[in-house]
Amino acid sequence: MPKSEIGALRFLDQHPQCDGRGVVVAIFDTGVDPSAAGLQVTTDGKPKGHVFGTGVDPSAAGLQVTTDGKPKIIDVMDCTGSGDVDTSTIAAADEGGCITGASGRRLRLNPDWVNPSGQWHVGCRRLFELFPKPLQTRVKEQRKKAFEEAQQLEARLTYLQDSFKSYDDAGPVVDCVVWHDGSTWRVALDTSDMYPDYSSSSSNEKDEEQQQQQGGARRQGLLADFAPLADFKEERQYGKFSGQDGCAYAVKVYDEGNTLCIVVDAGAHGTHVAGIVAAHFPDDPAANGMAPGAQIISCKIGDSRLGSMETGTGLVRALAAVMEAGADIINMSYGEPASRADVGRAIDIAAETVHKAGVIFVASAGNAGHALSTVGAPGGTSSALLGIGAYVSPGLAAAFATSDHTQRILSPAPKSCPRRPCAEHGPALSTVGAPGGTSSALLGIGAYDGDIGVALSAPGGAIAPVPGWTLQKRQLMNGTSMASPCAAGGIALILSGLKAHGAAGPKGSSSSSSSSSSDPAAAAAAGSGKQWISPNRVDAAFDYLLKSADVDLPDVRYDVTVSGGPGSSAGLGAPRRGVYMRQPHEAAGPASYTVSVTPALHEDASVDDKLAVEENLDASVDDKLAVEEHLVLHTTAPWLSAPELLLLHHNGRTFELRVDPTALPPGLHYGEVLAINPDQEWRGPLFRVPELRHFVVAPAGASWAEMVIRGGSFDTPKVYMIRATQLLPDVRYSDSEYRTTLTLSPNSEYSAAFKVAGEATLELTLSQFWSSLGGSSLEVELSFHGLAAQPAAGVVGLLVECPLRRQKVKPEAKLTHANLSIKPKEATVEPLLDPRDCLPGGRVAYRLVLTYGFNVTEGGKYKPCVPLTNRYLYDSPLEAQLTQIFDSHKRLLYTGDAVPDEVALAKGEHSARLLLRHDDRALLEKLKGTCLVLSSKLDSPVAVLSRKLDSPVLSRKLDSPVAVPVYSSHAAALTGGSAAGECFLSAGDRAMLWLGPVPEDKLPKDAQGRVLEGTLSLGQLRRGSGAAPAVTPFAYLPPPPAADKAAGKGDSSSSSKPPPKPPAERLSEALRDAKLALLKELKADQPEEAAAAEDLSTELLAEAPSHLPLLLEVMKRRAAAAEGEARAAQLPAIIAAADAVIAAINVPELAAFLALRAPADADEANSSSSSSSEVSSSSSGSSSSSYKQQKAEKDAAKAALLEALRVKLKAQLEAAEFLARGSKAQLEVAEVVPGDAAAAADVAATAAQLRQWVDTSADKEYLLLHARVEAAAGRPAAALTALDKLLAPSDEVPAAAAPEASQLKRTLLQQLGWQHWAAYDEAWARVKFPAKLPPL
């Protein structure tokens, strides 16, 4: 633990009782393990905890007590909602003291549990959805071993051997029960599914105690053994799911018991961060955190559904919780790039938390390296937060290199997580001018708007506690994620000392561009102008603030903004907090800027305090003598000019700043305007205005650059971080930069190419990793290239320009994505009244829930996008966004937020939900029409030039791009001549290219109604082969489908039409059809309409007893009879209705017709005399009817016959099952099925008749029916084979019959005694066929 590097040890030697006591730190992170050693009690006996992040493990070592013996962790909460369980279902106990859990298991209640209402809220949750990925992997391996032991007993059977090849553990399911005991909410979890028992039947009807008396292992459904938990904040209780996982959890209950939140950390990151801040090991003080006396609140903002990525919902809830709890400090070791600095709804609420509640907000600045303007949001981009950079001293570097914890953490970070906590798992600390070359710094210095970004730097690594599920107590991690809690812990020491001396004023923090005397670490850093904490900084900062307490001035911060000047890299109209002359036109000559300085007090400050802020900054010498306090402006560089003095009052003032960079050499230049009180110079600058300029300018017309790096004659291979960064308006730096990590051997060469924007500054940085020891030398060659394509001469014409140098051109166009825009079918705005969703000041937040339905016609990987909101998190005007996709069985397939990922979608119906949050209901009402876009990648590319969409919606990436021909002449494009080949263009040359039409057979099958997107590449790389990275995006709208030639235009012969029927007959048929249409509309679940339908059916059957559509509708209504005993009584009527349909069809005639080969010209051919006698039909037959008409009629008859046979067979199977169970309706059933033998014979006969028309063992529509027939005949192996075909993964959404098929499969497996496979299938059934959608 790097305590000496920040002076913490010296401070504690001088002030041993000021070790963080009385200070509460909130950790925004992955969550904190409540059982962690060192995080249990403080040095003064208080509970340890407040931490924001992935979540803190409250059981982790070092997180139990403070230095004064108080509990270390005050509260743990999941602010993301990823641990929520729907417990709105109410269950009542039966006579045996049991309830039915949400999983379907029978749960025995403990008779000692007090529940005056008798209402038990039940829910269930799959534990793998809560476990961090590493833990999930380990538990899967452990459970697989137990499964294999059971499998070995029966592995001699081929079926089981084949099944085991596709084994994939769905994970245990925990049953949840919530109740109110009269004083508080209690929670019990049945976690016995973690202990699978495959030895014998575990039927819910058996008594579990009897099973144990007979020597059986622990069974499912033993809820009574669980010790109930209350809210962690109330009773500081936590549990662990099992001895296998070691995963600690706590609980929260919301919405009057209807929502349970199981709080589980989403990773080890949060516990590690909490340990750096405040771990306390009474028996090992050297392992203590920075402030072992501080307490912690764990606020989990890392969403487990998103792989621990943060969400706006989590952040806003955490901020509200901090204000309610009265925390002193927030540490947030999270962040990501943002398109703009110091804007966004979450940033506004964070600023409100700082300035209104007086919380000091400390956040990591990110690990993007040392290039300018690459700090992460919110730490490096927000004025209200202290952004923390990282450095490594020689001592720390040596400790990291020799630590036995190093190997575990220095592995590469998961590439699947685009946003993750700011811990650098592949360390990239780079040397950037630290004092005397003694340190290495990880500083992505500078925000887009000229702000310095990094307020402080602190040691970037530590060995600290981690959750128990990692199977170790402590671990080494490094990066700004570790530097931030190091700084937060140092601030906690200072604040603890100030409180002990009665000198702690209003709390608050601000960035380095507007430092305030009440910001401990920021003020100390500002005193020297350096941006890191030296070894004496904590105690020096404390002395400084203790001295400042004697100054009779109100607590004030200074908001500094800059306007005017030639432009801004931050974007048009964006607020600026400094002068940042980065682009070439901005530094072409002298420029003047207007600087606005506004003193800001707490909103509750008195009038006297506001009047006291009259500090003289621009008065004459005589005037300033008459003012009680005045300030002087100093510039730190000769190319900066500002007034010496200025009168500053509460409403603020402006002054002119002149910058003249014309005499400066190329490169980086930095200067500041400092405001000093000449009577109290020891206070340091009260505010500062930074100024920056940098580097290489890409020439006009450049679209890509090629770089060659050559290694010198150094001794061993070295590791470098390479970055080429351009800043573009409203674009994240990560989206406009090239970044790679390179291992370079001596005298070797590396080449790369990357996109650039012409006439924009390019910052090229190369840094050697701190862990790559020894010096080295490099030679870098950078060349710019450009080709531009502009639409001309219509949509397909392209004017290609070569502005810079001779270029090799090889045009290639292809379509790569198919995008589908979907309108919402339902939109609901509702207030969020749960206390955890209340905003600061008691404001009510609202959520807009948009529901979408769509059909996927081509299975593949899709990306669900919301163009209006995606790519914005901290800089978004909305509080939060969340997208979920489900299949037709309500199975959750995808959860995404601001940065969407791809999801595999099968063919079939799907639905989606989009959640948007804000406290302005009117704004959400305007967003009710927000479209979801599905984007898919094409299997093969296609192309025609058009304007590229701003952003796709539901996007599918085609498996293979669809190529589009490119021609060198209009004639070749028109005639389909030779495609354009390779050629060369010299500087200044222009040429025309044409994109040819795309054949319809090359387009994706689902192209209609979609927008296809692709790219056009032109240039070739100068070194090596391959296309240049600069491409031109375009969109293609597929043409409408060709007119159907068979849509009635081909047969104009009047002789093929049947003669018109008499008016009376037509009237009768019209009345019949009208009555039938009404019959179909009448609802069977409404008694009045059901009775009317029965009367109408009787009337119609009397009028048209052989009308097939009528008979089908009657059969359909009969088949939809109620379940249970009522259905048993209806089975005879169902079978009779099916027989009526079968009788109305001339089966031999139908078979004969379908056996005929279609005529060569089906449109014109009529039946020959020999065939007409075979094909004539009494119901529709006219010898003059065309073959197509007859074919359509016979196909309809076949479909009716198959449906009737299916309904009859299903009813016969049900009748046999009722007889076997001894149903009360047996007498009624016996009228049709007189006995078991007769029932079996009838089932076999109907099944044989059905198989004459369809292969029931292969057709998915009939596989379930086939399996039921085989099971009834005593052939379970054949039944299981059919069920496996139906349930096997495919490119289609599982059939509607899949849930019933899964249930039948489990029944057969249990009958065969294969309990391990029955349990396995049951676990997956809960995942694939949930009863309802999960909470948002």
# chains A, B, ... in the order shown; residues from 1 in each chain; ligands from 1
call {"tool": "select_by_dssp", "arguments": {"residues": "segment 644-832 of chain A", "states": "strand (DSSP E or B)", "output": "short mmCIF file (atom, residue, chain, number, x, y, z; two decimals) with N, CA and C atoms, in the first residue's frame"}}
result
data_model
loop_
_atom_site.label_atom_id
_atom_site.label_comp_id
_atom_site.auth_asym_id
_atom_site.auth_seq_id
_atom_site.Cartn_x
_atom_site.Cartn_y
_atom_site.Cartn_z
N LEU A 645 -4.89 43.76 -12.57
CA LEU A 645 -5.83 43.83 -11.46
C LEU A 645 -7.26 43.87 -11.99
N LEU A 646 -8.21 43.44 -11.12
CA LEU A 646 -9.63 43.46 -11.53
C LEU A 646 -10.51 43.44 -10.29
N LEU A 647 -11.53 44.27 -10.23
CA LEU A 647 -12.49 44.24 -9.14
C LEU A 647 -13.46 43.09 -9.37
N LEU A 648 -13.51 42.20 -8.42
CA LEU A 648 -14.38 41.03 -8.57
C LEU A 648 -15.43 41.03 -7.47
N ARG A 653 -17.02 38.98 -12.93
CA ARG A 653 -16.46 39.98 -13.84
C ARG A 653 -15.78 39.27 -15.00
N THR A 654 -15.47 40.02 -16.03
CA THR A 654 -14.73 39.48 -17.17
C THR A 654 -13.46 40.28 -17.37
N PHE A 655 -12.48 39.67 -18.03
CA PHE A 655 -11.29 40.39 -18.44
C PHE A 655 -10.80 39.79 -19.76
N GLU A 656 -9.97 40.54 -20.47
CA GLU A 656 -9.47 40.11 -21.76
C GLU A 656 -8.13 39.40 -21.61
N LEU A 657 -8.00 38.28 -22.28
CA LEU A 657 -6.75 37.53 -22.32
C LEU A 657 -6.27 37.51 -23.76
N ARG A 658 -5.02 37.93 -23.98
CA ARG A 658 -4.46 37.97 -25.33
C ARG A 658 -3.37 36.89 -25.44
N VAL A 659 -3.44 36.11 -26.51
CA VAL A 659 -2.47 35.03 -26.75
C VAL A 659 -1.81 35.29 -28.10
N HIS A 669 3.18 23.91 -25.90
CA HIS A 669 3.46 25.07 -25.06
C HIS A 669 2.32 25.21 -24.06
N TYR A 670 2.67 25.50 -22.83
CA TYR A 670 1.65 25.59 -21.78
C TYR A 670 1.90 26.82 -20.94
N GLY A 671 0.85 27.56 -20.67
CA GLY A 671 0.94 28.71 -19.80
C GLY A 671 -0.34 28.88 -19.03
N GLU A 672 -0.30 29.73 -17.99
CA GLU A 672 -1.47 29.94 -17.14
C GLU A 672 -1.58 31.41 -16.75
N VAL A 673 -2.79 31.81 -16.45
CA VAL A 673 -3.07 33.07 -15.78
C VAL A 673 -3.47 32.72 -14.35
N LEU A 674 -2.69 33.21 -13.38
CA LEU A 674 -2.92 32.87 -11.98
C LEU A 674 -3.45 34.08 -11.24
N ALA A 675 -4.44 33.87 -10.39
CA ALA A 675 -5.00 34.93 -9.56
C ALA A 675 -4.48 34.76 -8.14
N ILE A 676 -3.73 35.78 -7.66
CA ILE A 676 -3.05 35.71 -6.36
C ILE A 676 -3.54 36.85 -5.48
N ARG A 688 -7.14 29.58 -11.96
CA ARG A 688 -6.15 29.60 -13.03
C ARG A 688 -6.86 29.40 -14.36
N VAL A 689 -6.29 29.96 -15.40
CA VAL A 689 -6.81 29.79 -16.76
C VAL A 689 -5.70 29.13 -17.58
N PRO A 690 -5.86 27.87 -17.99
CA PRO A 690 -4.80 27.17 -18.73
C PRO A 690 -4.83 27.50 -20.22
N GLU A 691 -3.65 27.29 -20.89
CA GLU A 691 -3.55 27.48 -22.34
C GLU A 691 -2.63 26.40 -22.89
N LEU A 692 -3.02 25.73 -24.04
CA LEU A 692 -2.25 24.64 -24.64
C LEU A 692 -2.18 24.80 -26.16
N ARG A 693 -1.10 24.26 -26.78
CA ARG A 693 -1.03 24.13 -28.24
C ARG A 693 -0.17 22.93 -28.59
N VAL A 696 1.46 18.04 -34.99
CA VAL A 696 1.60 17.91 -36.44
C VAL A 696 0.25 18.16 -37.11
N VAL A 697 0.26 18.86 -38.24
CA VAL A 697 -0.98 19.16 -38.95
C VAL A 697 -1.10 18.27 -40.18
N TRP A 704 -5.69 9.42 -44.99
CA TRP A 704 -5.03 8.42 -44.15
C TRP A 704 -3.54 8.74 -44.05
N ALA A 705 -2.92 8.15 -43.04
CA ALA A 705 -1.49 8.31 -42.83
C ALA A 705 -0.86 6.93 -42.72
N GLU A 706 0.39 6.83 -43.15
CA GLU A 706 1.14 5.59 -43.02
C GLU A 706 2.38 5.88 -42.17
N MET A 707 2.61 5.00 -41.21
CA MET A 707 3.67 5.22 -40.23
C MET A 707 4.61 4.01 -40.23
N VAL A 708 5.90 4.29 -40.16
CA VAL A 708 6.92 3.25 -40.04
C VAL A 708 7.75 3.56 -38.80
N ILE A 709 7.88 2.59 -37.90
CA ILE A 709 8.69 2.75 -36.70
C ILE A 709 9.84 1.75 -36.78
N ARG A 710 11.05 2.26 -36.62
CA ARG A 710 12.24 1.41 -36.67
C ARG A 710 12.93 1.44 -35.33
N GLY A 711 13.22 0.26 -34.80
CA GLY A 711 13.90 0.15 -33.52
C GLY A 711 15.39 0.34 -33.67
N LYS A 718 11.41 -4.15 -26.41
CA LYS A 718 10.74 -3.17 -25.57
C LYS A 718 9.26 -3.09 -25.94
N VAL A 719 8.46 -2.68 -24.96
CA VAL A 719 7.02 -2.55 -25.15
C VAL A 719 6.67 -1.07 -25.19
N TYR A 720 5.92 -0.66 -26.19
CA TYR A 720 5.56 0.74 -26.37
C TYR A 720 4.04 0.88 -26.53
N MET A 721 3.54 2.03 -26.11
CA MET A 721 2.18 2.43 -26.44
C MET A 721 2.26 3.48 -27.53
N ILE A 722 1.58 3.24 -28.64
CA ILE A 722 1.59 4.15 -29.79
C ILE A 722 0.20 4.76 -29.93
N ARG A 723 0.15 6.10 -30.07
CA ARG A 723 -1.14 6.76 -30.24
C ARG A 723 -1.00 7.87 -31.27
N ALA A 724 -1.99 7.96 -32.12
CA ALA A 724 -2.11 9.06 -33.08
C ALA A 724 -3.50 9.65 -32.90
N THR A 725 -3.57 10.84 -32.31
CA THR A 725 -4.84 11.38 -31.83
C THR A 725 -5.19 12.67 -32.56
N GLU A 737 -8.90 8.32 -33.11
CA GLU A 737 -7.49 8.10 -32.88
C GLU A 737 -7.09 6.67 -33.25
N TYR A 738 -5.81 6.50 -33.52
CA TYR A 738 -5.22 5.18 -33.71
C TYR A 738 -4.43 4.85 -32.45
N ARG A 739 -4.63 3.64 -31.93
CA ARG A 739 -3.97 3.26 -30.68
C ARG A 739 -3.57 1.80 -30.75
N THR A 740 -2.35 1.50 -30.36
CA THR A 740 -1.90 0.11 -30.33
C THR A 740 -0.80 -0.04 -29.30
N THR A 741 -0.58 -1.26 -28.88
CA THR A 741 0.54 -1.61 -28.01
C THR A 741 1.49 -2.47 -28.83
N LEU A 742 2.76 -2.13 -28.79
CA LEU A 742 3.73 -2.71 -29.71
C LEU A 742 4.93 -3.26 -28.94
N THR A 743 5.33 -4.48 -29.26
CA THR A 743 6.60 -5.03 -28.77
C THR A 743 7.58 -5.01 -29.93
N LEU A 744 8.67 -4.25 -29.77
CA LEU A 744 9.61 -4.02 -30.86
C LEU A 744 10.98 -4.58 -30.48
N GLU A 749 11.31 -3.48 -37.52
CA GLU A 749 10.49 -2.45 -38.12
C GLU A 749 9.02 -2.78 -37.95
N TYR A 750 8.22 -1.76 -37.74
CA TYR A 750 6.77 -1.93 -37.61
C TYR A 750 6.10 -0.87 -38.47
N SER A 751 5.08 -1.26 -39.21
CA SER A 751 4.34 -0.31 -40.04
C SER A 751 2.86 -0.38 -39.73
N ALA A 752 2.20 0.74 -39.88
CA ALA A 752 0.76 0.82 -39.61
C ALA A 752 0.17 1.93 -40.46
N ALA A 753 -1.14 1.87 -40.66
CA ALA A 753 -1.86 2.91 -41.39
C ALA A 753 -3.14 3.22 -40.63
N PHE A 754 -3.56 4.48 -40.64
CA PHE A 754 -4.75 4.87 -39.91
C PHE A 754 -5.39 6.06 -40.59
N LYS A 755 -6.70 6.23 -40.34
CA LYS A 755 -7.46 7.32 -40.93
C LYS A 755 -7.09 8.65 -40.27
N THR A 761 -5.00 18.96 -36.45
CA THR A 761 -3.76 18.62 -35.76
C THR A 761 -3.75 17.15 -35.38
N LEU A 762 -2.65 16.51 -35.64
CA LEU A 762 -2.44 15.10 -35.27
C LEU A 762 -1.35 15.05 -34.21
N GLU A 763 -1.68 14.46 -33.10
CA GLU A 763 -0.71 14.29 -32.01
C GLU A 763 -0.21 12.85 -32.04
N LEU A 764 1.05 12.67 -32.32
CA LEU A 764 1.65 11.34 -32.37
C LEU A 764 2.50 11.15 -31.12
N THR A 765 2.14 10.16 -30.31
CA THR A 765 2.87 9.92 -29.07
C THR A 765 3.34 8.48 -29.03
N LEU A 766 4.58 8.32 -28.60
CA LEU A 766 5.18 6.99 -28.43
C LEU A 766 5.78 6.95 -27.04
N SER A 767 5.38 5.99 -26.24
CA SER A 767 5.89 5.91 -24.87
C SER A 767 6.25 4.48 -24.53
N GLN A 768 7.34 4.33 -23.85
CA GLN A 768 7.81 3.02 -23.42
C GLN A 768 7.16 2.67 -22.09
N LEU A 778 14.18 5.17 -31.13
CA LEU A 778 13.28 4.84 -32.23
C LEU A 778 13.43 5.87 -33.34
N GLU A 779 13.18 5.43 -34.55
CA GLU A 779 13.08 6.31 -35.71
C GLU A 779 11.68 6.17 -36.29
N VAL A 780 10.99 7.29 -36.49
CA VAL A 780 9.59 7.26 -36.94
C VAL A 780 9.48 8.01 -38.27
N GLU A 781 8.83 7.38 -39.24
CA GLU A 781 8.53 8.01 -40.53
C GLU A 781 7.02 8.09 -40.68
N LEU A 782 6.50 9.28 -40.96
CA LEU A 782 5.06 9.50 -41.08
C LEU A 782 4.78 10.16 -42.41
N SER A 783 3.91 9.56 -43.22
CA SER A 783 3.53 10.14 -44.51
C SER A 783 2.01 10.21 -44.62
N PHE A 784 1.52 11.28 -45.27
CA PHE A 784 0.09 11.49 -45.42
C PHE A 784 -0.34 11.19 -46.86
N HIS A 785 -1.53 10.64 -47.01
CA HIS A 785 -2.07 10.25 -48.31
C HIS A 785 -3.54 10.65 -48.35
N ALA A 788 -10.32 11.19 -52.44
CA ALA A 788 -11.67 11.58 -52.05
C ALA A 788 -12.64 11.22 -53.15
N ALA A 789 -13.82 10.74 -52.77
CA ALA A 789 -14.87 10.38 -53.73
C ALA A 789 -16.11 11.21 -53.42
N GLN A 790 -16.59 11.96 -54.41
CA GLN A 790 -17.78 12.78 -54.24
C GLN A 790 -18.83 12.35 -55.25
N PRO A 791 -20.10 12.23 -54.87
CA PRO A 791 -21.16 11.88 -55.83
C PRO A 791 -21.23 12.91 -56.96
N GLY A 797 -22.54 7.95 -60.14
CA GLY A 797 -21.29 8.53 -60.61
C GLY A 797 -20.46 9.04 -59.45
N LEU A 798 -19.14 8.82 -59.50
CA LEU A 798 -18.24 9.24 -58.45
C LEU A 798 -17.09 10.03 -59.05
N LEU A 799 -16.85 11.21 -58.51
CA LEU A 799 -15.71 11.99 -58.90
C LEU A 799 -14.60 11.74 -57.89
N VAL A 800 -13.50 11.14 -58.33
CA VAL A 800 -12.39 10.79 -57.46
C VAL A 800 -11.29 11.82 -57.63
N GLU A 801 -10.79 12.37 -56.52
CA GLU A 801 -9.74 13.36 -56.54
C GLU A 801 -8.53 12.86 -55.79
N GLN A 807 -0.93 8.14 -56.22
CA GLN A 807 -1.55 7.09 -55.42
C GLN A 807 -1.99 5.94 -56.31
N LYS A 808 -1.81 4.76 -55.79
CA LYS A 808 -2.35 3.58 -56.44
C LYS A 808 -3.82 3.44 -56.06
N VAL A 809 -4.69 3.28 -57.07
CA VAL A 809 -6.14 3.22 -56.84
C VAL A 809 -6.66 1.85 -57.26
N LYS A 810 -7.37 1.23 -56.36
CA LYS A 810 -8.05 -0.04 -56.65
C LYS A 810 -9.44 0.03 -56.04
N PRO A 811 -10.43 0.51 -56.81
CA PRO A 811 -11.77 0.72 -56.23
C PRO A 811 -12.46 -0.59 -55.88
N GLU A 812 -13.10 -0.59 -54.74
CA GLU A 812 -13.87 -1.75 -54.30
C GLU A 812 -15.03 -1.27 -53.45
N ALA A 813 -16.24 -1.63 -53.84
CA ALA A 813 -17.44 -1.23 -53.10
C ALA A 813 -18.16 -2.47 -52.61
N LYS A 814 -18.69 -2.40 -51.43
CA LYS A 814 -19.39 -3.56 -50.87
C LYS A 814 -20.40 -3.09 -49.82
N LEU A 815 -21.46 -3.86 -49.71
CA LEU A 815 -22.46 -3.64 -48.67
C LEU A 815 -22.17 -4.61 -47.53
N THR A 816 -22.23 -4.12 -46.33
CA THR A 816 -21.84 -4.94 -45.18
C THR A 816 -22.92 -5.08 -44.12
N HIS A 817 -23.88 -4.16 -44.06
CA HIS A 817 -24.89 -4.19 -43.00
C HIS A 817 -26.29 -3.96 -43.58
N ALA A 818 -27.26 -4.60 -42.96
CA ALA A 818 -28.67 -4.38 -43.28
C ALA A 818 -29.35 -3.82 -42.04
N ASN A 819 -30.04 -2.69 -42.20
CA ASN A 819 -30.63 -1.99 -41.07
C ASN A 819 -32.15 -1.91 -41.19
N LEU A 820 -32.82 -2.18 -40.09
CA LEU A 820 -34.29 -2.16 -40.06
C LEU A 820 -34.73 -1.21 -38.96
N SER A 821 -35.53 -0.22 -39.32
CA SER A 821 -36.06 0.74 -38.36
C SER A 821 -37.42 0.26 -37.86
N ILE A 822 -37.62 0.29 -36.54
CA ILE A 822 -38.83 -0.26 -35.93
C ILE A 822 -39.49 0.82 -35.07
N GLU A 826 -45.93 0.45 -28.26
CA GLU A 826 -46.49 0.91 -27.00
C GLU A 826 -45.49 1.83 -26.33
N ALA A 827 -45.96 2.91 -25.71
CA ALA A 827 -45.10 3.86 -25.02
C ALA A 827 -45.79 4.31 -23.74
N THR A 828 -45.09 4.19 -22.63
CA THR A 828 -45.66 4.53 -21.33
C THR A 828 -44.69 5.38 -20.54
N VAL A 829 -45.15 6.53 -20.05
CA VAL A 829 -44.37 7.38 -19.15
C VAL A 829 -44.95 7.24 -17.75
N GLU A 830 -44.10 6.92 -16.79
CA GLU A 830 -44.58 6.71 -15.43
C GLU A 830 -43.60 7.28 -14.42
N PRO A 831 -44.09 7.78 -13.30
CA PRO A 831 -43.19 8.32 -12.27
C PRO A 831 -42.48 7.18 -11.53
N LEU A 832 -41.28 7.46 -11.08
CA LEU A 832 -40.50 6.50 -10.30
C LEU A 832 -40.59 6.93 -8.84
#
call {"tool": "residues_around", "arguments": {"residues": "Glu759 of chain A", "least_positions_apart": "3", "cutoff": "9 Å", "atoms": "only C-alpha atoms", "output": "ChimeraX atom specification"}}
result
/A:583-585,697-702
call {"tool": "residues_around", "arguments": {"residues": "Ala906 of chain A", "least_positions_apart": "4", "cutoff": "6 Å", "atoms": "only C-alpha atoms", "output": "number ranges by chain"}}
result
A: 859, 1291-1293
call {"tool": "write_last_selection", "arguments": {"atoms": "C-alpha atoms", "output": "PDB file, in the first residue's frame"}}
result
ATOM      1  CA  GLY A 859     -31.079 -15.357 -38.392  1.00  0.00           C
ATOM      2  CA  ASP A1291     -31.620 -20.584 -36.535  1.00  0.00           C
ATOM      3  CA  GLU A1292     -35.267 -20.174 -35.524  1.00  0.00           C
ATOM      4  CA  VAL A1293     -36.950 -19.126 -32.302  1.00  0.00           C
TER       5      VAL A1293
END
call {"tool": "atom_distance", "arguments": {"atom1": "atom CA of Met290 of chain A", "atom2": "atom CA of Leu546 of chain A"}}
result
20.1 Å
call {"tool": "residues_around", "arguments": {"residues": "segment 102-108 of chain A", "least_positions_apart": "4", "cutoff": "9 Å", "atoms": "only C-alpha atoms", "output": "list in words"}}
result
Thr87, Thr89, Ala93, Gly96, Gly97, Cys98, Val122, Gly123, Cys124, Arg125, Val173, Val174, Asp175, Cys176, Asp190, Asn204, Glu205, Glu208, Gln220, Gly221, Leu222, Leu223, Ala224, Asp225 and Arg1326 of chain A
call {"tool": "residues_around", "arguments": {"residues": "segment 1081-1095 of chain A", "least_positions_apart": "3", "cutoff": "9 Å", "atoms": "only C-alpha atoms", "output": "MDAnalysis selection string"}}
result
chainID A and resid 1076:1078 1098:1100 1117 1120:1121
call {"tool": "write_last_selection", "arguments": {"atoms": "N, CA and C atoms", "output": "compact mmCIF listing (two decimals), in the first residue's frame"}}
result
# COMPACT_ATOMS: atom_id res chain seq x y z
N LEU A 1076 -70.42 -16.62 -40.29
CA LEU A 1076 -69.18 -17.30 -39.91
C LEU A 1076 -68.14 -16.28 -39.45
N ALA A 1077 -68.07 -15.13 -40.12
CA ALA A 1077 -67.13 -14.08 -39.71
C ALA A 1077 -67.45 -13.58 -38.31
N LEU A 1078 -68.75 -13.43 -38.01
CA LEU A 1078 -69.14 -13.02 -36.67
C LEU A 1078 -68.77 -14.09 -35.65
N THR A 1098 -74.70 -23.82 -33.81
CA THR A 1098 -75.79 -24.77 -34.04
C THR A 1098 -76.62 -24.36 -35.26
N GLU A 1099 -76.90 -23.06 -35.36
CA GLU A 1099 -77.68 -22.55 -36.48
C GLU A 1099 -76.96 -22.76 -37.81
N LEU A 1100 -75.67 -22.47 -37.85
CA LEU A 1100 -74.91 -22.60 -39.09
C LEU A 1100 -74.74 -24.05 -39.50
N ARG A 1117 -62.98 -24.01 -31.90
CA ARG A 1117 -63.57 -23.52 -30.66
C ARG A 1117 -63.71 -24.66 -29.64
N ALA A 1120 -60.32 -25.40 -28.02
CA ALA A 1120 -59.84 -24.38 -27.10
C ALA A 1120 -60.56 -24.45 -25.76
N ALA A 1121 -61.11 -25.60 -25.42
CA ALA A 1121 -61.86 -25.76 -24.17
C ALA A 1121 -60.95 -25.57 -22.97
call {"tool": "closest_residue", "arguments": {"among": "A:Thr191, A:Gln1212, A:Val23, A:Met581", "to": "Gly326 of chain A", "atoms": "only C-alpha atoms"}}
result
A:Val23
call {"tool": "select_by_dssp", "arguments": {"residues": "segment 55-135 of chain A", "states": "helix (DSSP H, G or I)", "output": "list in words"}}
result
Leu127, Phe128, Glu129, Lys133, Pro134 and Leu135 of chain A
call {"tool": "closest_atom_pairs", "arguments": {"of": "segment 261-342 of chain A", "to": "segment 442-461 of chain A", "cutoff": "9 Å", "atoms": "only C-alpha atoms", "output": "JSON lines"}}
result
{"residue": "A:Ser339", "atom": "CA", "partner": "A:Tyr448", "partner_atom": "CA", "distance": 8.5}
{"residue": "A:Arg340", "atom": "CA", "partner": "A:Tyr448", "partner_atom": "CA", "distance": 6.9}
{"residue": "A:Ala341", "atom": "CA", "partner": "A:Tyr448", "partner_atom": "CA", "distance": 6.3}
{"residue": "A:Asp342", "atom": "CA", "partner": "A:Asp449", "partner_atom": "CA", "distance": 9.0}
